[in-house]
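Visitor: mmCIF, C-alpha atoms, saved as coords.cif, coming up:
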data_upload
#
loop_
_atom_site.label_atom_id
_atom_site.label_comp_id
_atom_site.auth_asym_id
_atom_site.auth_seq_id
_atom_site.Cartn_x
_atom_site.Cartn_y
_atom_site.Cartn_z
CA MET A 22 -26.74 -4.11 -21.57
CA THR A 23 -30.37 -4.88 -20.65
CA ASP A 24 -30.60 -7.45 -23.46
CA LEU A 25 -28.88 -9.84 -21.01
CA VAL A 26 -31.58 -9.28 -18.38
CA ASP A 27 -35.12 -10.62 -18.22
CA ALA A 28 -36.48 -7.08 -17.90
CA ALA A 29 -40.14 -8.10 -17.62
CA ALA A 30 -39.45 -10.58 -14.81
CA LEU A 31 -37.17 -8.10 -13.07
CA MET A 32 -39.78 -5.34 -13.15
CA THR A 33 -42.53 -7.70 -11.96
CA LEU A 34 -40.33 -8.71 -9.05
CA ALA A 35 -39.57 -5.07 -8.22
CA GLU A 36 -43.25 -4.08 -8.34
CA GLY A 37 -44.15 -6.85 -5.88
CA HIS A 38 -41.32 -6.11 -3.45
CA HIS A 39 -42.38 -5.00 0.03
CA ALA A 40 -41.03 -4.75 3.54
CA ARG A 41 -41.15 -7.67 5.96
CA THR A 42 -40.82 -7.57 9.72
CA ALA A 43 -37.92 -9.19 11.56
CA ARG A 44 -38.28 -10.06 15.23
CA ALA A 45 -35.60 -11.41 17.55
CA PHE A 46 -36.59 -14.10 20.06
CA GLY A 47 -33.37 -14.14 22.09
CA THR A 48 -30.84 -16.93 22.36
CA ARG A 49 -31.67 -20.58 22.91
CA GLU A 50 -29.91 -23.92 23.07
CA ALA A 51 -30.31 -26.13 20.01
CA GLY A 52 -28.29 -29.23 19.27
CA GLY A 53 -25.54 -28.26 21.71
CA HIS A 54 -25.24 -24.77 20.21
CA LEU A 55 -26.14 -21.30 21.38
CA VAL A 56 -28.36 -19.88 18.65
CA LYS A 57 -29.99 -16.52 18.08
CA VAL A 58 -33.59 -17.02 17.04
CA TYR A 59 -35.34 -14.77 14.54
CA ALA A 60 -38.68 -14.64 12.80
CA ILE A 61 -39.34 -12.89 9.52
CA GLU A 62 -43.01 -12.22 8.86
CA ALA A 63 -44.65 -11.56 5.53
CA PRO A 64 -47.69 -9.25 5.61
CA GLY A 65 -50.55 -11.06 7.32
CA ARG A 66 -48.31 -13.70 8.90
CA ALA A 67 -47.25 -13.88 12.55
CA VAL A 68 -44.78 -16.09 14.39
CA GLY A 69 -45.04 -17.05 18.05
CA GLU A 70 -43.61 -19.68 20.34
CA ALA A 71 -45.87 -22.40 18.90
CA GLU A 72 -44.43 -21.84 15.42
CA LEU A 73 -40.87 -21.57 16.72
CA ALA A 74 -40.90 -24.95 18.50
CA PRO A 75 -40.75 -27.10 15.33
CA ALA A 76 -38.14 -24.76 13.83
CA LEU A 77 -35.96 -25.19 16.90
CA GLY A 78 -36.42 -28.96 16.66
CA ILE A 79 -35.16 -28.86 13.07
CA ALA A 80 -32.22 -26.72 14.18
CA ALA A 81 -31.36 -29.11 17.02
CA ASP A 82 -31.31 -32.06 14.61
CA GLN A 83 -29.25 -30.12 12.07
CA LEU A 84 -26.72 -28.91 14.64
CA ALA A 85 -26.41 -32.14 16.66
CA LEU A 86 -23.28 -33.27 14.81
CA GLY A 87 -21.93 -29.75 14.43
CA ARG A 88 -18.89 -30.21 16.65
CA ARG A 89 -17.76 -33.11 14.47
CA ARG A 90 -17.96 -30.75 11.49
CA GLY A 91 -15.85 -28.08 13.18
CA SER A 92 -18.65 -25.97 14.62
CA LEU A 93 -17.74 -23.23 17.09
CA GLY A 94 -21.07 -23.61 18.93
CA LEU A 95 -22.69 -20.35 17.76
CA GLY A 96 -25.48 -20.11 15.25
CA VAL A 97 -28.61 -18.42 13.98
CA VAL A 98 -32.05 -19.89 13.38
CA ILE A 99 -34.52 -17.99 11.19
CA LEU A 100 -38.16 -18.96 10.79
CA HIS A 101 -39.45 -17.08 7.77
CA ALA A 102 -43.25 -17.07 7.59
CA GLY A 103 -43.32 -16.15 3.93
CA GLY A 104 -46.07 -15.35 1.52
CA ASP A 105 -45.53 -18.56 -0.46
CA GLY A 106 -44.56 -20.92 2.37
CA ASP A 107 -42.44 -21.32 5.45
CA TYR A 108 -38.66 -21.53 5.60
CA VAL A 109 -36.24 -22.41 8.37
CA LEU A 110 -32.61 -21.41 8.00
CA VAL A 111 -29.99 -22.92 10.29
CA HIS A 112 -26.70 -21.05 10.07
CA SER A 113 -23.65 -21.87 12.19
CA TRP A 114 -20.11 -20.63 12.43
CA ILE A 115 -17.46 -23.28 11.83
CA GLU A 116 -13.69 -23.49 11.83
CA GLY A 117 -11.53 -21.42 9.51
CA HIS A 118 -13.79 -18.33 9.43
CA MET A 119 -16.39 -20.36 7.55
CA SER A 120 -20.09 -20.92 8.07
CA GLN A 121 -22.58 -23.63 7.29
CA LEU A 122 -26.17 -23.11 6.13
CA ALA A 123 -29.14 -25.46 5.82
CA ILE A 124 -32.52 -24.34 4.51
CA TRP A 125 -35.79 -26.16 5.12
CA THR A 126 -39.00 -25.37 3.21
CA GLY A 127 -42.67 -26.24 3.43
CA PRO A 128 -46.24 -25.04 3.10
CA ALA A 129 -47.33 -21.92 4.95
CA GLY A 130 -48.46 -22.51 8.50
CA ARG A 131 -47.55 -26.20 8.57
CA THR A 132 -44.08 -26.25 10.08
CA GLU A 133 -44.44 -29.98 10.80
CA GLU A 134 -44.20 -30.53 7.03
CA LEU A 135 -40.89 -28.70 6.52
CA ARG A 136 -38.32 -30.61 4.48
CA PRO A 137 -34.72 -29.91 3.43
CA GLY A 138 -34.62 -27.40 0.59
CA ARG A 139 -33.29 -28.37 -2.80
CA GLN A 140 -29.54 -28.31 -3.35
CA GLY A 141 -28.30 -24.84 -4.22
CA LEU A 142 -31.19 -23.01 -2.57
CA ALA A 143 -29.92 -19.75 -1.06
CA PRO A 144 -31.44 -17.13 1.27
CA CYS A 145 -34.01 -14.70 -0.13
CA VAL A 146 -33.47 -10.93 0.10
CA TRP A 147 -35.07 -10.69 3.58
CA GLU A 148 -33.24 -13.71 5.00
CA ALA A 149 -29.98 -12.42 3.52
CA ALA A 150 -30.50 -9.11 5.37
CA VAL A 151 -30.63 -10.94 8.71
CA LEU A 152 -27.62 -13.10 7.83
CA ALA A 153 -25.67 -10.01 6.70
CA HIS A 154 -26.33 -8.41 10.09
CA GLU A 155 -25.28 -11.62 11.80
CA ARG A 156 -22.03 -11.73 9.85
CA GLU A 157 -21.26 -8.19 10.99
CA ALA A 158 -22.27 -8.97 14.60
CA PHE A 159 -20.01 -12.05 14.64
CA VAL A 160 -17.04 -10.08 13.33
CA ARG A 161 -17.71 -7.03 15.53
CA GLN A 162 -18.52 -8.79 18.79
CA VAL A 163 -16.64 -12.11 18.64
CA LEU A 164 -13.68 -11.86 16.27
CA ASP A 165 -12.84 -8.18 16.89
CA GLY A 166 -14.47 -7.94 20.33
CA THR A 167 -12.84 -7.31 23.67
CA GLY A 168 -12.62 -9.42 26.78
CA GLY A 169 -12.73 -13.17 27.10
CA ALA A 170 -14.99 -15.61 25.27
CA GLN A 171 -17.85 -15.15 27.72
CA GLU A 172 -17.94 -11.36 27.28
CA ARG A 173 -17.70 -11.66 23.51
CA VAL A 174 -20.52 -14.20 23.32
CA ARG A 175 -22.74 -12.03 25.56
CA ALA A 176 -22.11 -9.03 23.29
CA TRP A 177 -22.85 -11.14 20.21
CA ALA A 178 -26.08 -12.47 21.74
CA SER A 179 -27.40 -8.96 22.37
CA ASP A 180 -26.48 -7.63 18.90
CA VAL A 181 -29.69 -8.26 16.95
CA VAL A 182 -31.59 -6.80 14.02
CA GLU A 183 -35.31 -6.10 14.33
CA GLY A 184 -37.95 -4.14 12.50
CA GLU A 185 -38.56 -3.54 8.84
CA LEU A 186 -36.44 -5.36 6.30
CA ARG A 187 -36.39 -4.17 2.71
#
Any chance you could put this one into structure tokens?
Guide:
Amino acid sequence: MTDLVDAAALMTLAEGHHARTARAFGTREAGGHLVKVYAIEAPGRAVGEAELAPALGIAADQLALGRRRGSLGLGVVILHAGGDGDYVLVHSWIEGHMSQLAIWTGPAGRTEELRPGRQGLAPCVWEAAVLAHEREAFVRQVLDGTGGAQERVRAWASDVVEGELR
């Protein structure tokens, strides 16, 4: 069974795995959408408002035509201050129970140099943990929630994940 696996690469990856911190920065407007804003911080990296501003600009540009693509107006923006660079993920909920994801990448600490990620790039393990929580929050608070749209959106906005991500 393990002859199909790159065991050395897998074990190297496992040995280097560590926790990262997720922080929620509330909800903001970006490109006509209400987005939850998160930061994921690798050891030794920190994200503040100055780092979030360019990420939110990218999100606004990405989401600006969202309604024409069937967007429901809710999304998530993640700025991941990684060990090997910075990443911005812009995730939005669209028609038909679907979602849309764009990933931007660039050198660490230089968010002004972020560019669209290569085709096929997917979230890393830490980013996927935030997006998995957000999927559950969307289902729990919006799709299966109670009350009108305003109450459901308020509940969704307050349902965040923070702390250590493995």
Visitor: Go through A:Gln83, A:Thr167, A:Thr132, A:Thr48 and flag the residue nearest Asp180 of chain A, using all atoms listed in the file for the distances.
Guide: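 When distances to Asp180 of chain A are compared using all atoms listed in the file, the smallest one comes from A:Thr48.
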Visitor: What is the distance, in Å and to one decimal place, between atom CA of Ala74 of chain A and atom CA of Val56 of chain A?
Guide: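 These atoms are spaced 13.5 Å apart.
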Visitor: Residues of segment 26-70 of chain A that approach segment 98-102 of chain A to 7 Å or less, counting all atoms listed in the file: could you list each one with the shortest pair of atoms and its distance in Å to one decimal, rows by chain and increasing residue number, as JSON lines?
Guide:
{"residue": "A:Val56", "atom": "CA", "partner": "A:Val98", "partner_atom": "CA", "distance": 6.4}
{"residue": "A:Lys57", "atom": "CA", "partner": "A:Val98", "partner_atom": "CA", "distance": 6.1}
{"residue": "A:Val58", "atom": "CA", "partner": "A:Val98", "partner_atom": "CA", "distance": 4.9}
{"residue": "A:Tyr59", "atom": "CA", "partner": "A:Ile99", "partner_atom": "CA", "distance": 4.7}
{"residue": "A:Ala60", "atom": "CA", "partner": "A:Leu100", "partner_atom": "CA", "distance": 4.8}
{"residue": "A:Ile61", "atom": "CA", "partner": "A:His101", "partner_atom": "CA", "distance": 4.5}
{"residue": "A:Glu62", "atom": "CA", "partner": "A:Ala102", "partner_atom": "CA", "distance": 5.0}
{"residue": "A:Ala63", "atom": "CA", "partner": "A:Ala102", "partner_atom": "CA", "distance": 6.0}
{"residue": "A:Arg66", "atom": "CA", "partner": "A:Ala102", "partner_atom": "CA", "distance": 6.2}
Visitor: May I have the residues at most 12 Å from (-31.8, -24.8, -4.0) in the file's coordinates, counting all atoms listed in the file, as a list in words?
Guide: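 Within 12 Å of (-31.8, -24.8, -4.0), the protein and nucleic acid residues are Leu122, Ala123, Ile124, Trp125, Thr126, Pro137, Gly138, Arg139, Gln140, Gly141, Leu142, Ala143, Pro144 and Cys145 of chain A.
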Visitor: Go ahead and compute the interatomic distance for atom CA of Leu152 of chain A and atom CA of Ala29 of chain A, in Å to one decimal.
Guide: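 A separation of 28.8 Å between them.
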Visitor: What is the distance between atom CA of His118 of chain A and atom CA of Gln162 of chain A, in Å to one decimal?
Guide: 14.2 Å
Visitor: Applied to this file, what does the PyMOL selection byres ((chain A and resi 159) around 10) return in terms of residues, put as a PyMOL selection string?
Guide: chain A and resi 95-96+114+153-158+160-166+173-174+176-178+180
Visitor: Write a file of the just-selected residues containing C-alpha atoms, as a CSV table (one decimal), keeping the file's coordinate frame.
Guide:
chain,number,residue,atom,x,y,z
A,95,LEU,CA,-22.7,-20.4,17.8
A,96,GLY,CA,-25.5,-20.1,15.2
A,114,TRP,CA,-20.1,-20.6,12.4
A,153,ALA,CA,-25.7,-10.0,6.7
A,154,HIS,CA,-26.3,-8.4,10.1
A,155,GLU,CA,-25.3,-11.6,11.8
A,156,ARG,CA,-22.0,-11.7,9.8
A,157,GLU,CA,-21.3,-8.2,11.0
A,158,ALA,CA,-22.3,-9.0,14.6
A,160,VAL,CA,-17.0,-10.1,13.3
A,161,ARG,CA,-17.7,-7.0,15.5
A,162,GLN,CA,-18.5,-8.8,18.8
A,163,VAL,CA,-16.6,-12.1,18.6
A,164,LEU,CA,-13.7,-11.9,16.3
A,165,ASP,CA,-12.8,-8.2,16.9
A,166,GLY,CA,-14.5,-7.9,20.3
A,173,ARG,CA,-17.7,-11.7,23.5
A,174,VAL,CA,-20.5,-14.2,23.3
A,176,ALA,CA,-22.1,-9.0,23.3
A,177,TRP,CA,-22.8,-11.1,20.2
A,178,ALA,CA,-26.1,-12.5,21.7
A,180,ASP,CA,-26.5,-7.6,18.9
Visitor: With a distance cut-off of 8 Å and only C-alpha atoms, select the neighbouring residues of Leu84 of chain A, excluding the residue or stretch itself and same-chain residues fewer than 4 positions from it, and output the selection as a PDB file with C-alpha atoms, keeping the file's coordinate frame.
Guide:
ATOM      1  CA  ALA A  51     -30.310 -26.130  20.010  1.00  0.00           C
ATOM      2  CA  GLY A  52     -28.290 -29.230  19.270  1.00  0.00           C
ATOM      3  CA  GLY A  53     -25.540 -28.260  21.710  1.00  0.00           C
ATOM      4  CA  HIS A  54     -25.240 -24.770  20.210  1.00  0.00           C
ATOM      5  CA  ALA A  80     -32.220 -26.720  14.180  1.00  0.00           C
TER       6      ALA A  80
END
Visitor: Centre and edge lengths, as AutoDock Vina command-line options, for the axis-aligned box enclosing every listed atom of segment 69-88 of chain A with 3 Å of padding on each of the six sides, in Å to one decimal?
Guide:
--center_x -32.4 --center_y -25.2 --center_z 16.2 --size_x 33.0 --size_y 22.2 --size_z 14.3
Visitor: Spell out the residues picked by the PyMOL selection byres ((chain A and resi 38) around 12) here, as a ChimeraX atom specification.
Guide: /A:31-37,39-41,63-64,104,145-147,186-187
Visitor: From the options A:Val182, A:Leu86, A:Val109, A:Val97, which residue's atoms come nearest to Glu134 of chain A, counting all atoms listed in the file?
Guide: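 Distance minimum relative to Glu134 of chain A lands on A:Val109.
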